[in-house]
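Data block below; observations after.
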Amino acid sequence: GRTIMFLTRRITCHRHSQRFAATLAADLDTGWGSSIRRLQCIDVHAEGEPARVVVGGLPHIPGGIHDKRALMMKPPLDAIRKLLMTEPRGYPCQNVDYVLPPSHPKAAFDIIIAEQNCIYPAMSGHNMMCVATALLETGMVPMMEPISEFALNTPAGLVDVQAECSAGKAKRVLLRNAPSFLQPENMDVEVDVPGGIGKVRLDVTFGGMWFAVVDAASVGLRILPQQGKDLCRIGEMIKVACREQHPVNHPE
């Protein structure tokens with residue numbers, strides 16, 4: 001099922017410090033003005049990967065997709081991400097997807113994705129699947145059975161959606177992502193990972209966001225449920241080391 005949430009702006013986070021709550025309230029007042037607003041959110045998951053899809057209640061965000069992303073990243077609007085993703089309403093694995101009016105003539109909507117630590121990726125597969133499901137099942141995008149097709153605009157580019165639908169439900173979502181690529185200078189990169197891991201060789205690729213691709217066996221791991229804890233721990237260490245030692249930028 002889907003969980004529909006209505007978050008009133010005036011509610012403060014009672015488990016946060018008074019200082020944070022006061023700062024958050026001030027940030028939201030600056031971004032939204034003096035009127036009381038509600039965020040209309042739908043909690044969705046794609047094979048267990050969560051996303052909180054914001055379908056209403058946001059202030060007007062002007063400009064094209066990159067302008068919108070830049071504005072959402074800055075105070076006061078980043079306070080919305082904090083409100084939705086941190087406790088007591090959020091948790092570490094939560095993601096937020098903002099559904100905004102389209103700035104591309106072929107798109108049904110613009111989508112801005114937000115993650116923890118003020119990260120706003122250009123594209124995310126599971127988030128887009130969740131967004132497509134929410135839009136179809138709420139009627140924001142007309143559902144056609146057995147196949148619904150439409151496009152969503154992201155900072156990475158236009159993403160085509162094809163959803164298998166039955167009895168008012170989106171059963172399966174297929175995405176045609178923005179172009180992915182691997183550049184020669186990002187192949188066979190060596191990074192030094194602390195904590196006894198040592199030198200690790202990897203490739204850095206782009207598929208809507210940047211990925212460090214590592215052979216699990218090269219760091220003594222196998223893709224098994226029993227090794228899930230070490231996969232997360234060592235993977236995070238490799239990601240941080242790669243970000244620090246081999247920074248990358250999109251060529252465009």
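Chain labels run A, B, ... following the order of the structure tokens; each chain numbers its residues from 1, and ligands are numbered from 1 in the order shown.
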
Exercise for review: Select from stretch 1-249 of chain A everything DSSP, run on the backbone, classes as strand (DSSP E or B), then give the selection as a ChimeraX atom specification.
Suggested key: /A:3-8,38-46,49-56,96-100,109-115,119,147-154,157-166,169-176,181,189-193,198-206,210-213

Point to revise | 8 Å contact set for A:Asn95, only C-alpha atoms, chain neighbours under 3 positions out, as JSON, numbers by chain | key: {"A": [50, 51, 52, 85, 113, 114, 115, 116, 127]}

Point to revise | Residues within 12 Å of stretch 186-200 of chain A, only C-alpha atoms, excluding chain neighbours under 4 positions, as an NGL selection string | key: :A and (181-182 or 204-206 or 210-221 or 230 or 233-250)

Can you tell me which residues surround A:Ala70 at a distance of at most 12 Å, considering only C-alpha atoms, apart from same-chain residues fewer than 3 positions away, and format the answer as a JSON list (two decimals) with N, CA and C atoms, in the first residue's frame?
[["chain", "number", "residue", "atom", "x", "y", "z"],
["A", 61, "ILE", "N", 8.35, 27.34, -7.20],
["A", 61, "ILE", "CA", 9.78, 27.24, -7.47],
["A", 61, "ILE", "C", 10.00, 27.64, -8.93],
["A", 62, "PRO", "N", 10.52, 28.81, -9.19],
["A", 62, "PRO", "CA", 10.60, 29.30, -10.58],
["A", 62, "PRO", "C", 11.78, 28.71, -11.34],
["A", 63, "GLY", "N", 11.74, 28.89, -12.67],
["A", 63, "GLY", "CA", 12.88, 28.57, -13.51],
["A", 63, "GLY", "C", 12.83, 27.19, -14.13],
["A", 64, "GLY", "N", 13.93, 26.84, -14.81],
["A", 64, "GLY", "CA", 14.08, 25.53, -15.40],
["A", 64, "GLY", "C", 14.48, 24.51, -14.37],
["A", 65, "ILE", "N", 14.72, 23.28, -14.81],
["A", 65, "ILE", "CA", 14.99, 22.19, -13.88],
["A", 65, "ILE", "C", 16.25, 22.43, -13.06],
["A", 66, "HIS", "N", 17.29, 23.01, -13.66],
["A", 66, "HIS", "CA", 18.53, 23.24, -12.91],
["A", 66, "HIS", "C", 18.37, 24.43, -11.95],
["A", 67, "ASP", "N", 17.58, 25.42, -12.34],
["A", 67, "ASP", "CA", 17.28, 26.53, -11.42],
["A", 67, "ASP", "C", 16.52, 26.01, -10.20],
["A", 73, "MET", "N", 18.31, 23.37, -3.01],
["A", 73, "MET", "CA", 19.50, 23.02, -2.25],
["A", 73, "MET", "C", 19.87, 24.07, -1.21],
["A", 74, "LYS", "N", 19.36, 25.29, -1.38],
["A", 74, "LYS", "CA", 19.79, 26.39, -0.52],
["A", 74, "LYS", "C", 18.76, 26.66, 0.57],
["A", 75, "PRO", "N", 19.22, 27.18, 1.73],
["A", 75, "PRO", "CA", 18.24, 27.70, 2.68],
["A", 75, "PRO", "C", 17.48, 28.85, 2.03],
["A", 76, "PRO", "N", 16.18, 29.01, 2.30],
["A", 76, "PRO", "CA", 15.42, 28.26, 3.29],
["A", 76, "PRO", "C", 14.77, 26.98, 2.79],
["A", 77, "LEU", "N", 14.80, 26.71, 1.48],
["A", 77, "LEU", "CA", 14.02, 25.58, 0.97],
["A", 77, "LEU", "C", 14.61, 24.23, 1.35],
["A", 78, "ASP", "N", 15.92, 24.16, 1.63],
["A", 78, "ASP", "CA", 16.48, 22.89, 2.08],
["A", 78, "ASP", "C", 15.89, 22.47, 3.43],
["A", 112, "ILE", "N", 12.61, 16.78, -8.70],
["A", 112, "ILE", "CA", 13.85, 17.06, -7.97],
["A", 112, "ILE", "C", 13.98, 16.02, -6.86],
["A", 113, "ILE", "N", 15.11, 15.35, -6.81],
["A", 113, "ILE", "CA", 15.35, 14.28, -5.84],
["A", 113, "ILE", "C", 16.26, 14.81, -4.74],
["A", 114, "ALA", "N", 15.93, 14.48, -3.49],
["A", 114, "ALA", "CA", 16.74, 14.90, -2.34],
["A", 114, "ALA", "C", 17.06, 13.70, -1.47],
["A", 118, "CYS", "N", 22.14, 16.79, 2.49],
["A", 118, "CYS", "CA", 22.00, 17.85, 1.49],
["A", 118, "CYS", "C", 22.49, 17.41, 0.11],
["A", 119, "ILE", "N", 22.22, 16.14, -0.24],
["A", 119, "ILE", "CA", 22.57, 15.63, -1.56],
["A", 119, "ILE", "C", 21.33, 15.67, -2.44],
["A", 120, "TYR", "N", 21.47, 16.29, -3.62],
["A", 120, "TYR", "CA", 20.39, 16.39, -4.59],
["A", 120, "TYR", "C", 20.86, 15.76, -5.90],
["A", 121, "PRO", "N", 20.76, 14.43, -6.04],
["A", 121, "PRO", "CA", 21.28, 13.76, -7.23],
["A", 121, "PRO", "C", 20.51, 14.16, -8.48],
["A", 122, "ALA", "N", 21.19, 14.06, -9.61],
["A", 122, "ALA", "CA", 20.55, 14.40, -10.88],
["A", 122, "ALA", "C", 19.48, 13.40, -11.26],
["A", 155, "PRO", "N", 17.20, 16.71, -13.52],
["A", 155, "PRO", "CA", 18.43, 17.44, -13.83],
["A", 155, "PRO", "C", 19.37, 16.68, -14.76]]

Review point. From the set A:Leu175, A:Glu145, A:Gly125, A:Leu231, which residue has the shortest atom-to-atom contact distance to A:Gly208, counting only C-alpha atoms?
Key: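 Once distances to A:Gly208 are computed over only C-alpha atoms, the minimum belongs to A:Gly125.
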
Review point. Among stretch 23-235 of chain A, which ones does DSSP place in alpha helix (DSSP H), written as a ChimeraX atom specification?
Key: /A:23-32,65-73,78-85,125-138,228-235

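Residue nearest A:Ser180, chosen from A:Gln227, A:Asn153, A:Ala134, A:Pro251 and counting only C-alpha atoms: A:Pro251.
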
Exercise for review: Give me the residues within 7 Å of A:Glu149 as a ChimeraX atom specification, counting only C-alpha atoms and dropping any in the same chain fewer than 5 places off.
Suggested key: /A:161-163

Point to revise | Given only C-alpha atoms as the counted atoms, nearest of A:Lys106, A:Lys171, A:His60, A:His126 to A:His45 | key: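 Among the listed residues, A:His126 lies closest to A:His45.
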
Review point. When you draw a straight line from atom CA of A:Pro92 to atom CA of A:Cys232, how long is it in Å?
Key: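 One can read the atom CA of A:Pro92 to atom CA of A:Cys232 distance as 13.5 Å.
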
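Atom pair atom CA of A:Pro102 / atom CA of A:Thr86 has a distance of 27.8 Å (rounded to one decimal).
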
**Study point:** Nearest candidate to A:Leu100 (options A:Met123, A:Ile80, A:Leu135, A:Leu58; using only C-alpha atoms)
**Key:**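 Going through A:Met123, A:Ile80, A:Leu135, A:Leu58 one by one, the smallest distance to A:Leu100 is for A:Leu58.
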